[in-house]
Every structure is written in C-alpha cells, then in structure tokens.
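Colleague: Below: one structure in structure tokens.
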Amino acid sequence: MKILSSILEATGNTPLIKLRSGFDPKTMATILLKAEFLQPSGSLKDRMAKHIIESFEKSGVLKPGGTVVEATAGNTGLAVAMVCVVKGYKSIFVMPDKFSVEKINMIKAYGSTIITTPTAVPDDHPDSWREVAKRIVNENENYVLVNQFFNLTNVDAHYNNTGPELWEQTEGNIDAFISGAGSGGTISGVGKYLKEKRAAQGKEVKIVLMDPVGSIYSDSYYKQEIKDKKGWKMEGIGNDFIPDCLDFSVVDEVRKVSDKKAFFYARKLAREEGLLVGDTAGAGVSVAIDIARELGPGKTVVCVLCDSGNRYISKLYNDEWMKSNGFGTLGLELQSGTVKDILSFKGNLVVFANDTQTIEEVTDIMAEKGISQMPLFDKKTKTYRLLHESDLLSALLSGEKTPKDLASSVSSKIQALVKKEDEIAKIEPLLEENHAAFVVDSNSEICGVITRIDIVRYLSKKAK
C-alpha cells in the first residue's frame, strides 16, 4: 500500500457501491452510489476545498500565515479546516445557527474559529452568514474568502476531478446522474463533464437535481413564480438565492424531496445497506429509485452519497429530535410486516377502469364501490395510469373537461409501486406524495391497492 505524505493525498478515488435493497433488475436500472462519505473529512467538499485553496496558493492570493474564511453549512467548513491544518493556515467559519452540534464540534476539533449567525435573517442582511464572512475578510489583511457559492473554481474541481473519476469507474456507461446542490459546484461540474463525454459517444445522460421542499431552485429552474420560501431540515442543499456556481444549463430536471422522505431513506440505508450517511444522501437515493424505475433495466443511475451520518447523530438518527420536529421515528419504519400482510387483512380486489370509459361512467363506479381512485390500463402505451377523484373534480370544476369526456384524458402516471414482499416501511414515504400505493406482481401487473386508511385500519387491528 502506498504511504501518503499527508491526509490530503487521500482525497478522491471513492468507490461506487451498488444499491441492493429496493432494487428489481427486471424492471429497474442499476443504481450506483458514489461513496463521498469516505473522503478524509467525511464529505465530497474535500475535493472543492483542496482545489480552491491550492488555486489561491498558485495565484499568490493566499500567503504563508494567512487565514481562510468561509460562510459554510458545515461540510465545507470541515473540509477547509482539514486542508488548512495540513497547509499551516488559520481558518474562520461563519455558520447559520440551524446546523447540528456534531458539525460545530468537529470543526472546532481542527482548531478553527466558529461564528454563528441567525438563520431567519434575509440573505442581504448585515448579520446574515455570508455578509458577516465578507466583512471579516474586508477588515483584515491576508484573509481570503473561499466564497464557494460564487467561486467558479468550485465547479472546476468537479469538472476536472469528480466527473473524470465517475467516467472511468463506469467505463462511460452512465445514463443518469443525481445530486443535490448547495453551492451547485458538484452537479454543474460533473454534469458538464458527463454531457460532453456522452455526446462524444452519440449518447445522452440525464442530470437530475434533487431539491428540498422550500428551496427556490425548483421554481427558478422551471421559471415559476417563487412561492413563499420555507425552511427545511436537510443540511447543505437548497437555497433562497441562486449561486453563480449553479449552472442550470446542464440540468435536465429538478425533483423536490421532502425532509421526511430524505430522513426515511437515510435511515433505511443505514439499516439495510450498512451505509451510515447524511440526509441528503437519503434524498438522492429516493430520487434515484424513481429514475431507475423510469429508465428500466440495462441502464445505469449514479447517485452521490454526499456525507457521513456521524454528523447527524443528534438530529436525523436521534429519535427524540425526530419526534420533537414532527417526524415521529418515521412510524412505519419500525413496524414489522409486509405489503402482503395488509392485502391479506383488507383483501386485494382492484376495480379497473378502461380507456373507453367517460368521466361520468368512472365516477358512477367510484360512488358505487366507495373508492376514490382506479387504475386504468392504457392499451396504446401498455402501461397503467391513475384516475383519482380529486383530479376528476378539478377537471370538471375548471371547465377543462365535461362528464362525457374520456376519463383517460384526466389520468396521471402511477408513481407509487410496491411488491407483496416489500416491508410496510416502504409504503410511508410513497403515500407522503401519492394518493395510493399500487401492488404489482412478478409480471408487473397490478394486483392490489393500499391507501392511508388501509394502513391505519391494519395497524389498529394489529395493535388489538
């Protein structure tokens, strides 16, 4: 084994790990997880920190005895602090007060100075984290600001390093890449590199940005009116402004992920895969599973596991914190049993609609059977679609449709699919964003439907 001259030489070259649980090779693309939590300081930010500081040294901006300053959500602070220790610089970090105590204490362990600022103040407020960091640098000689959100060297780090590494590991066979964005450096740099390499092959790669509910990235990407910005519990991704490092031109799609879904999948990775990772890794895997279903077998999806779970022990992996923040302990995660158990309790009768029935005919059936949704088989595409009473009502009230129009014109893609052998835990995050979960057999045909009330009734009966 090669002997390293310092820990910085261990940066990069993290493995790709194949996702095992929740993966069906007959119907899904292969999911590969980029284990960035194995970086020296525990996150993918090591690549960016090393690259930027070395660029400061080469340009002469950072001189011996200098101090490096950054406004950071934690992982960048850890990475920069580690690099500064090895290279002999001091470091100061300005951090919003919402971040975990583990990150704060870990940064302090490197001998760094930490200044906390209120999370709730506007971005341009003098007391905001970024404004405080700028002021510190402006008021002191031989201080430099990493400025990860607006320093395009951040993007270069991933274009010149992470992207080529992924390309080599997958031998150029990569059909989708999924990452979150705090500063945007990872998805912009990797996305640009992969698109150029796949284009040279005459092929495409889908770059998907997963964004927390409450962040403005999704609304900005789709050029929608930015709704009231809401806080979210995930750390290190999403924002209330658009950084220069985030290049939307290389992004093909933005998918929103709730805190609850991110936390569920992070805990699931720890319990089923032995991967103790952070909440953004959970968010990414939840999106990767959806993308893998959509692309189908024979394709490859790569998802970044951004950081280690050891910095979230007091939050994501603390049951008391989860309960006090409205997540419980993710309820069904701790429930034993399978989808088959619920079907055995409620029955597996499914009422299907066909693509020749009108809205009027379908609503009559729903009323007669006392159901709120029906799967519809589309003969043209040979896929199942969903008819739900809320969609039918909206179409009629808006005047877009009449009772005599085909119900299929109001149908939507079925997103929540489970198998009989799946654990009950898998259903909860699906029902967070869908009306119902549909059970499919080994031939991918629908053989059951499960709603929230079905689970409530099953758990109540089980408790008795």
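Following the order of the structure tokens, chains are lettered A, B, ..., residues in each are numbered from 1, and ligands are numbered from 1.
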Write down as a PyMOL selection string the residues of region 52-257 of chain A whose backbone DSSP state falls under strand (DSSP E or B).

Modeller: chain A and resi 67-71+90-96+113-117+143-145+176-179+206-213+215+253-257

Colleague: Let me see the file: selected residues, C-alpha atoms, as a PDB file, in the first residue's frame.

Modeller:
```pdb
ATOM      1  CA  THR A  67      -6.305  32.974   7.276  1.00  0.00           C
ATOM      2  CA  VAL A  68      -9.059  31.293   5.269  1.00  0.00           C
ATOM      3  CA  VAL A  69     -12.656  32.425   5.899  1.00  0.00           C
ATOM      4  CA  GLU A  70     -15.917  30.903   4.666  1.00  0.00           C
ATOM      5  CA  ALA A  71     -19.655  31.088   5.181  1.00  0.00           C
ATOM      6  CA  LYS A  90      -5.774  29.516  10.246  1.00  0.00           C
ATOM      7  CA  SER A  91      -9.477  29.195   9.480  1.00  0.00           C
ATOM      8  CA  ILE A  92     -12.655  31.026  10.499  1.00  0.00           C
ATOM      9  CA  PHE A  93     -16.176  29.851   9.653  1.00  0.00           C
ATOM     10  CA  VAL A  94     -19.492  31.693   9.781  1.00  0.00           C
ATOM     11  CA  MET A  95     -22.399  29.300  10.167  1.00  0.00           C
ATOM     12  CA  PRO A  96     -26.219  29.661  10.475  1.00  0.00           C
ATOM     13  CA  THR A 113     -12.902  29.574  14.975  1.00  0.00           C
ATOM     14  CA  ILE A 114     -16.685  29.453  14.513  1.00  0.00           C
ATOM     15  CA  ILE A 115     -19.093  32.402  14.405  1.00  0.00           C
ATOM     16  CA  THR A 116     -22.824  31.587  14.374  1.00  0.00           C
ATOM     17  CA  THR A 117     -25.465  33.864  12.833  1.00  0.00           C
ATOM     18  CA  TYR A 143      -7.528  36.945   4.902  1.00  0.00           C
ATOM     19  CA  VAL A 144      -9.148  35.169   1.916  1.00  0.00           C
ATOM     20  CA  LEU A 145     -12.754  34.119   1.350  1.00  0.00           C
ATOM     21  CA  ALA A 176     -28.353   9.422 -15.210  1.00  0.00           C
ATOM     22  CA  PHE A 177     -26.533  11.389 -12.523  1.00  0.00           C
ATOM     23  CA  ILE A 178     -28.314  12.630  -9.391  1.00  0.00           C
ATOM     24  CA  SER A 179     -27.048  15.189  -6.915  1.00  0.00           C
ATOM     25  CA  LYS A 206     -29.816  12.759 -17.678  1.00  0.00           C
ATOM     26  CA  ILE A 207     -28.648  15.209 -14.991  1.00  0.00           C
ATOM     27  CA  VAL A 208     -31.186  15.409 -12.144  1.00  0.00           C
ATOM     28  CA  LEU A 209     -31.042  17.948  -9.322  1.00  0.00           C
ATOM     29  CA  MET A 210     -32.886  16.940  -6.150  1.00  0.00           C
ATOM     30  CA  ASP A 211     -34.066  19.956  -4.186  1.00  0.00           C
ATOM     31  CA  PRO A 212     -35.596  20.265  -0.700  1.00  0.00           C
ATOM     32  CA  VAL A 213     -39.212  21.362  -0.472  1.00  0.00           C
ATOM     33  CA  SER A 215     -35.819  25.808  -1.644  1.00  0.00           C
ATOM     34  CA  GLU A 253     -34.761  18.027 -14.389  1.00  0.00           C
ATOM     35  CA  VAL A 254     -35.278  19.206 -10.808  1.00  0.00           C
ATOM     36  CA  ARG A 255     -37.184  16.993  -8.389  1.00  0.00           C
ATOM     37  CA  LYS A 256     -38.367  18.134  -4.995  1.00  0.00           C
ATOM     38  CA  VAL A 257     -37.830  15.942  -1.947  1.00  0.00           C
TER      39      VAL A 257
END
```

Colleague: Check the smallest atom-to-atom distance from each of A:Glu9, A:Asp441, A:Glu165, A:Glu389 to Val362 (chain A) using only C-alpha atoms, then report the winner.

Modeller: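 Ranked by minimum distance to Val362 (chain A), first place goes to A:Glu389.
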
Colleague: Set the distance at 12 Å and use only C-alpha atoms: which residues neighbour Gln39 (chain A) once local chain neighbours fewer than 3 positions away are removed? I'd like the list as a PyMOL selection string.

Modeller: chain A and resi 7-15+34-36+42-50+75+78-79+82+305-308

Colleague: Could the residues in this selection be written to a file with C-alpha atoms, as a CSV table (one decimal), in the first residue's frame?

Modeller:
```csv
chain,number,residue,atom,x,y,z
A,7,ILE,CA,-4.1,13.1,4.5
A,8,LEU,CA,-4.8,15.4,1.5
A,9,GLU,CA,-3.4,12.8,-0.8
A,10,ALA,CA,-6.3,10.5,0.2
A,11,THR,CA,-8.8,13.0,-1.3
A,12,GLY,CA,-10.9,11.5,-4.2
A,13,ASN,CA,-11.0,7.9,-5.6
A,14,THR,CA,-14.1,7.0,-3.6
A,15,PRO,CA,-15.8,3.7,-4.6
A,34,LYS,CA,-20.8,7.4,-5.0
A,35,ALA,CA,-19.4,7.0,-1.5
A,36,GLU,CA,-18.2,10.5,-0.9
A,42,GLY,CA,-16.3,12.8,5.6
A,43,SER,CA,-17.9,14.6,2.6
A,44,LEU,CA,-17.5,15.5,-1.1
A,45,LYS,CA,-16.5,19.0,-0.1
A,46,ASP,CA,-12.9,17.8,0.4
A,47,ARG,CA,-12.4,17.9,-3.4
A,48,MET,CA,-13.6,21.5,-3.7
A,49,ALA,CA,-11.7,22.7,-0.6
A,50,LYS,CA,-8.3,21.3,-1.7
A,75,ASN,CA,-19.2,20.2,5.4
A,78,LEU,CA,-14.8,20.6,7.9
A,79,ALA,CA,-13.1,20.2,4.5
A,82,MET,CA,-8.7,20.0,7.4
A,305,LEU,CA,-23.8,9.9,-1.0
A,306,CYS,CA,-22.7,13.4,0.0
A,307,ASP,CA,-21.6,12.9,3.6
A,308,SER,CA,-21.3,10.7,6.6
```

Colleague: Find the residues around region 409-422 of chain A up to 10 Å (only C-alpha atoms counted), leave out those fewer than 5 positions away in its own chain, and share them as an NGL selection string.

Modeller: :A and (21-22 or 290 or 293-294 or 337-343 or 355 or 358-359 or 374-376 or 378 or 383-388 or 391-396 or 400-401 or 427 or 429-431 or 433-442 or 444 or 446-450)

Colleague: For the atom pair CA of Met106 (chain A) and CA of Tyr265 (chain A), what is the interatomic distance in Å to one decimal place?

Modeller: 24.7 Å
